[in-house]
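Asks: For reference, the structure I am asking about is given below.
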Amino acid sequence: MPRLRDFFELHFIIFLWGFTAILGKLITIPAVELVALRTLLTALALGLIIYKKGTKFWLGSRQGLVVFSVGFLIAAHWMLFFASARISSVSICLVGMATCSLWTAFLEPLFTKSRIKAHEILLGLVIILGLYVIFQHETEFNNIVGILMAVTSALLASIFTIINAGLAKKIPATTITCYEMAGACLGTVLFFPVYTYFFAEGGALNFALTAMDWVYLLILSLACTVYAYTAGVRLMQRITAYTMNLTVNLEPVYGIVLAWIIFNEHKQVSTGFYLGAAIILLSVFIYPVLDAFVVRRKKLKQTLPDEIIIGKD
């Protein structure tokens with residue numbers, strides 16, 4: 001059962017995630033190289049924490065491989081996420097990421113064999129409407145590509161969040177994150193040959209970090225990943241994947257405000273973007289009210305006599 005403290009911590013984590021896109025744009029090396037370094041530093045830091053605390057690390061070959069493999073999804077998610085922010089803007093990237101709740105509404109019942117909730121599907125349709133409005137008004141090719149990359153990134157984030165919700169009930173959060181960061185680092189390295197041949201500028205990797213890049217990278221790795229990601233996995237022990245992903249829709253609010261302040265992005269997007277973004281973010285504020293209504297109605301049906309429910313005297 002989630003506590004009020006859990007929800008406060010969740011919102012702080014989401015603020016850090018909103019800041020992640022800002023850091024990703026401030027760091028000068030390309031997205032793929034950035035993900036490789038971020039995951040490497042994070043895995044090493046978590047390994048040290050696990051060693052110091054004596055947390056269980058060995059999961060067995062079969063379970064360990066499953067958790068390690070989730071890292072490949074995370075690597076793809078982050079590469080698309082940072083690339084989206086670079087190609088288009090932080091604001092567009094974060095609005096695309098808000099579709100996590102849409103994907104989760106459809107995918108979580110398939111993974112958990114639970115019933116599909118009508119109000120979650122309704123909110124998913126609201127998000128589709130918001131995306132449609134954005135696409136109707138955005139004409140720049142880079143912005144269209146950016147939001148498509150962000151939506152794909154959100155799909156991957158939804159999948160590994162659902163998987164982690166199940167893993168977190170059996171495995172310590174730091175262990176899960178360490179395995180997944182190691183897997184993400186390896187997945188990124190395995191992608192290097194394809195990346196350098198088709199996408200890298202000059203056909204070569206670029207790890208030329210400036211002094212400020214190192215500062216931003218350490219903040220990104222330690223605060224926004226080691227703490228935020230591990231705490232997020234831990235909170236999944238008490239908060240459902242759908243609630244987690246829907247609340248993550250506040251990430252664009254924090255990130256867009258920061259992007260306005262740092263990059264003046266409010267001058268770079270169309271009026272239609274704001275209208276579509278408002279529709280998408282509306283789902284964040286509708287969900288608690290709608291979900292509470294559904295829960296109360298369900299409890300009422302369970303407690304009242306059948307005659308009252310069907311309207312008999």
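Chain lettering (A, B, ...) mirrors the order of the structure tokens, residue numbering begins at 1 for each chain separately, and ligand numbering begins at 1 in order of display.
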List every residue of range 2-155 of chain A that DSSP, applied to the backbone of this structure, places in alpha helix (DSSP H), and write the result as a ChimeraX atom specification.
Replies: /A:4-26,31-53,61-87,90-97,100-112,118-137,141-155
Asks: Give me the residues near Val253 in chain A as number ranges by chain, where near means some atom within 12 Å (using only C-alpha atoms) and where sequence neighbours in that chain fewer than 4 positions away do not count.
Replies: A: 11, 14-19, 90-95, 97-98, 247-249, 257-260, 274, 277-278, 280-282, 284
Asks: Could you check the closest approach to Ile128 in chain A for each of A:Gly202, A:Gly96, A:Pro252, A:Gly64 and tell me which residue wins, using only C-alpha atoms?
Replies: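 Closest candidate: A:Gly96.
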Asks: Please list as a list in words every residue within 10 Å of Ile121 in chain A, counting only C-alpha atoms and excluding residues in the same chain fewer than 2 positions away.
Replies: Ser101, Leu102, Trp103, Thr104, Ala105, Phe106, Ile116, Lys117, Ala118, His119, Leu123, Gly124, Leu125, Val126 and Ile127 of chain A
Asks: Would you export the selected residues with all heavy atoms as a JSON list (two decimals), in the first residue's frame, please?
Replies:
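File produced: again09.json:
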[["chain", "number", "residue", "atom", "x", "y", "z"],
["A", 101, "SER", "N", 1.77, 6.24, -20.60],
["A", 101, "SER", "CA", 0.53, 5.75, -20.00],
["A", 101, "SER", "C", -0.37, 5.07, -21.02],
["A", 101, "SER", "O", -1.06, 4.10, -20.71],
["A", 101, "SER", "CB", -0.22, 6.90, -19.32],
["A", 101, "SER", "OG", -0.48, 7.94, -20.25],
["A", 102, "LEU", "N", -0.35, 5.59, -22.26],
["A", 102, "LEU", "CA", -1.13, 4.96, -23.33],
["A", 102, "LEU", "C", -0.62, 3.54, -23.57],
["A", 102, "LEU", "O", -1.41, 2.58, -23.61],
["A", 102, "LEU", "CB", -1.02, 5.80, -24.60],
["A", 102, "LEU", "CG", -1.49, 5.12, -25.90],
["A", 102, "LEU", "CD1", -2.98, 4.83, -25.84],
["A", 102, "LEU", "CD2", -1.14, 5.99, -27.10],
["A", 103, "TRP", "N", 0.69, 3.41, -23.75],
["A", 103, "TRP", "CA", 1.26, 2.09, -24.00],
["A", 103, "TRP", "C", 1.01, 1.14, -22.83],
["A", 103, "TRP", "O", 0.70, -0.02, -23.03],
["A", 103, "TRP", "CB", 2.76, 2.22, -24.27],
["A", 103, "TRP", "CG", 3.11, 2.98, -25.50],
["A", 103, "TRP", "CD1", 3.83, 4.13, -25.59],
["A", 103, "TRP", "CD2", 2.75, 2.64, -26.85],
["A", 103, "TRP", "NE1", 3.94, 4.54, -26.89],
["A", 103, "TRP", "CE2", 3.30, 3.64, -27.70],
["A", 103, "TRP", "CE3", 2.02, 1.60, -27.43],
["A", 103, "TRP", "CZ2", 3.14, 3.62, -29.08],
["A", 103, "TRP", "CZ3", 1.86, 1.58, -28.81],
["A", 103, "TRP", "CH2", 2.41, 2.58, -29.62],
["A", 104, "THR", "N", 1.14, 1.65, -21.61],
["A", 104, "THR", "CA", 0.96, 0.80, -20.44],
["A", 104, "THR", "C", -0.48, 0.31, -20.32],
["A", 104, "THR", "O", -0.72, -0.83, -19.93],
["A", 104, "THR", "CB", 1.37, 1.55, -19.15],
["A", 104, "THR", "OG1", 2.68, 2.08, -19.33],
["A", 104, "THR", "CG2", 1.37, 0.63, -17.95],
["A", 105, "ALA", "N", -1.43, 1.19, -20.63],
["A", 105, "ALA", "CA", -2.83, 0.80, -20.56],
["A", 105, "ALA", "C", -3.13, -0.41, -21.44],
["A", 105, "ALA", "O", -3.93, -1.28, -21.09],
["A", 105, "ALA", "CB", -3.73, 1.98, -20.96],
["A", 106, "PHE", "N", -2.48, -0.48, -22.59],
["A", 106, "PHE", "CA", -2.69, -1.59, -23.51],
["A", 106, "PHE", "C", -1.82, -2.80, -23.18],
["A", 106, "PHE", "O", -2.24, -3.95, -23.33],
["A", 106, "PHE", "CB", -2.41, -1.15, -24.96],
["A", 106, "PHE", "CG", -3.47, -0.27, -25.54],
["A", 106, "PHE", "CD1", -3.26, 1.09, -25.68],
["A", 106, "PHE", "CD2", -4.68, -0.78, -25.95],
["A", 106, "PHE", "CE1", -4.24, 1.92, -26.22],
["A", 106, "PHE", "CE2", -5.68, 0.03, -26.48],
["A", 106, "PHE", "CZ", -5.45, 1.38, -26.62],
["A", 116, "ILE", "N", -8.51, -5.31, -18.59],
["A", 116, "ILE", "CA", -8.32, -3.99, -19.16],
["A", 116, "ILE", "C", -9.33, -3.04, -18.51],
["A", 116, "ILE", "O", -10.51, -3.36, -18.39],
["A", 116, "ILE", "CB", -8.54, -4.02, -20.69],
["A", 116, "ILE", "CG1", -7.45, -4.86, -21.36],
["A", 116, "ILE", "CG2", -8.54, -2.61, -21.26],
["A", 116, "ILE", "CD1", -7.63, -5.03, -22.84],
["A", 117, "LYS", "N", -8.85, -1.87, -18.07],
["A", 117, "LYS", "CA", -9.71, -0.89, -17.42],
["A", 117, "LYS", "C", -10.17, 0.13, -18.45],
["A", 117, "LYS", "O", -9.34, 0.76, -19.13],
["A", 117, "LYS", "CB", -8.96, -0.21, -16.27],
["A", 117, "LYS", "CG", -8.55, -1.18, -15.17],
["A", 117, "LYS", "CD", -7.75, -0.46, -14.09],
["A", 117, "LYS", "CE", -7.30, -1.43, -13.01],
["A", 117, "LYS", "NZ", -6.49, -0.76, -11.97],
["A", 118, "ALA", "N", -11.46, 0.32, -18.52],
["A", 118, "ALA", "CA", -12.03, 1.19, -19.54],
["A", 118, "ALA", "C", -11.52, 2.62, -19.41],
["A", 118, "ALA", "O", -11.24, 3.29, -20.42],
["A", 118, "ALA", "CB", -13.56, 1.15, -19.46],
["A", 119, "HIS", "N", -11.40, 3.13, -18.17],
["A", 119, "HIS", "CA", -10.99, 4.53, -18.02],
["A", 119, "HIS", "C", -9.54, 4.74, -18.40],
["A", 119, "HIS", "O", -9.16, 5.82, -18.84],
["A", 119, "HIS", "CB", -11.26, 5.03, -16.59],
["A", 119, "HIS", "CG", -10.47, 4.34, -15.52],
["A", 119, "HIS", "ND1", -10.73, 3.06, -15.10],
["A", 119, "HIS", "CD2", -9.41, 4.77, -14.79],
["A", 119, "HIS", "CE1", -9.88, 2.73, -14.14],
["A", 119, "HIS", "NE2", -9.06, 3.74, -13.94],
["A", 123, "LEU", "N", -8.27, 7.38, -21.28],
["A", 123, "LEU", "CA", -7.18, 8.33, -21.15],
["A", 123, "LEU", "C", -6.14, 8.15, -22.26],
["A", 123, "LEU", "O", -5.54, 9.11, -22.74],
["A", 123, "LEU", "CB", -6.51, 8.19, -19.78],
["A", 123, "LEU", "CG", -7.35, 8.64, -18.58],
["A", 123, "LEU", "CD1", -6.64, 8.35, -17.28],
["A", 123, "LEU", "CD2", -7.69, 10.12, -18.69],
["A", 124, "GLY", "N", -5.92, 6.90, -22.65],
["A", 124, "GLY", "CA", -5.02, 6.63, -23.78],
["A", 124, "GLY", "C", -5.51, 7.28, -25.05],
["A", 124, "GLY", "O", -4.73, 7.83, -25.83],
["A", 125, "LEU", "N", -6.82, 7.24, -25.29],
["A", 125, "LEU", "CA", -7.39, 7.87, -26.47],
["A", 125, "LEU", "C", -7.26, 9.39, -26.41],
["A", 125, "LEU", "O", -7.08, 10.05, -27.45],
["A", 125, "LEU", "CB", -8.87, 7.47, -26.61],
["A", 125, "LEU", "CG", -9.12, 5.98, -26.88],
["A", 125, "LEU", "CD1", -10.62, 5.69, -26.86],
["A", 125, "LEU", "CD2", -8.51, 5.56, -28.21],
["A", 126, "VAL", "N", -7.36, 9.95, -25.21],
["A", 126, "VAL", "CA", -7.15, 11.39, -25.03],
["A", 126, "VAL", "C", -5.72, 11.76, -25.45],
["A", 126, "VAL", "O", -5.49, 12.77, -26.12],
["A", 126, "VAL", "CB", -7.41, 11.81, -23.57],
["A", 126, "VAL", "CG1", -6.97, 13.27, -23.34],
["A", 126, "VAL", "CG2", -8.88, 11.65, -23.22],
["A", 127, "ILE", "N", -4.76, 10.91, -25.08],
["A", 127, "ILE", "CA", -3.36, 11.15, -25.44],
["A", 127, "ILE", "C", -3.18, 11.09, -26.96],
["A", 127, "ILE", "O", -2.46, 11.90, -27.56],
["A", 127, "ILE", "CB", -2.44, 10.14, -24.73],
["A", 127, "ILE", "CG1", -2.40, 10.45, -23.24],
["A", 127, "ILE", "CG2", -1.03, 10.17, -25.32],
["A", 127, "ILE", "CD1", -1.69, 9.42, -22.41]]
Asks: By how many Å are CA of Gly272 in chain A and CA of Ile256 in chain A apart?
Replies: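 That distance, rounded to one decimal, is 15.2 Å.
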Asks: Produce a table with one row for each residue of range 11-95 of chain A that has an atom at most 12 Å from any atom of range 172-178 of chain A, each row naming the nearest atom pair and its distance in Å at one decimal; use only C-alpha atoms; arrange rows by chain and rising residue number; format as a Markdown table.
Replies:
| residue | atom | partner | partner_atom | distance |
| --- | --- | --- | --- | --- |
| A:Thr39 | CA | A:Cys178 | CA | 9.1 |
| A:Leu40 | CA | A:Cys178 | CA | 9.8 |
| A:Leu41 | CA | A:Cys178 | CA | 10.4 |
| A:Thr42 | CA | A:Cys178 | CA | 7.4 |
| A:Ala43 | CA | A:Cys178 | CA | 5.0 |
| A:Leu44 | CA | A:Cys178 | CA | 7.9 |
| A:Ala45 | CA | A:Cys178 | CA | 8.5 |
| A:Leu46 | CA | A:Cys178 | CA | 5.5 |
| A:Gly47 | CA | A:Cys178 | CA | 6.4 |
| A:Leu48 | CA | A:Cys178 | CA | 9.8 |
| A:Ile49 | CA | A:Thr174 | CA | 8.1 |
| A:Ile50 | CA | A:Thr174 | CA | 7.0 |
| A:Tyr51 | CA | A:Thr175 | CA | 10.5 |
| A:Lys52 | CA | A:Thr174 | CA | 12.0 |
| A:Lys53 | CA | A:Thr174 | CA | 10.3 |
| A:Gly54 | CA | A:Thr175 | CA | 10.9 |
| A:Thr55 | CA | A:Pro172 | CA | 7.6 |
| A:Lys56 | CA | A:Thr175 | CA | 7.1 |
| A:Phe57 | CA | A:Thr175 | CA | 5.8 |
| A:Trp58 | CA | A:Thr175 | CA | 8.5 |
| A:Leu59 | CA | A:Thr175 | CA | 8.8 |
| A:Gln63 | CA | A:Ile176 | CA | 10.5 |
| A:Gly64 | CA | A:Ile176 | CA | 8.9 |
| A:Leu65 | CA | A:Ile176 | CA | 11.1 |
| A:Val66 | CA | A:Ile176 | CA | 10.2 |
| A:Val67 | CA | A:Ile176 | CA | 6.5 |
| A:Phe68 | CA | A:Ile176 | CA | 8.2 |
| A:Ser69 | CA | A:Ile176 | CA | 11.0 |
| A:Val70 | CA | A:Ile176 | CA | 9.5 |
| A:Gly71 | CA | A:Thr177 | CA | 8.7 |
| A:Ile74 | CA | A:Thr177 | CA | 10.5 |
Asks: Here is a test: counting only C-alpha atoms, which residue of A:Ile162, A:Ile22, A:Leu190, A:Leu37 is nearest to Cys100 in chain A?
Replies: A:Ile162
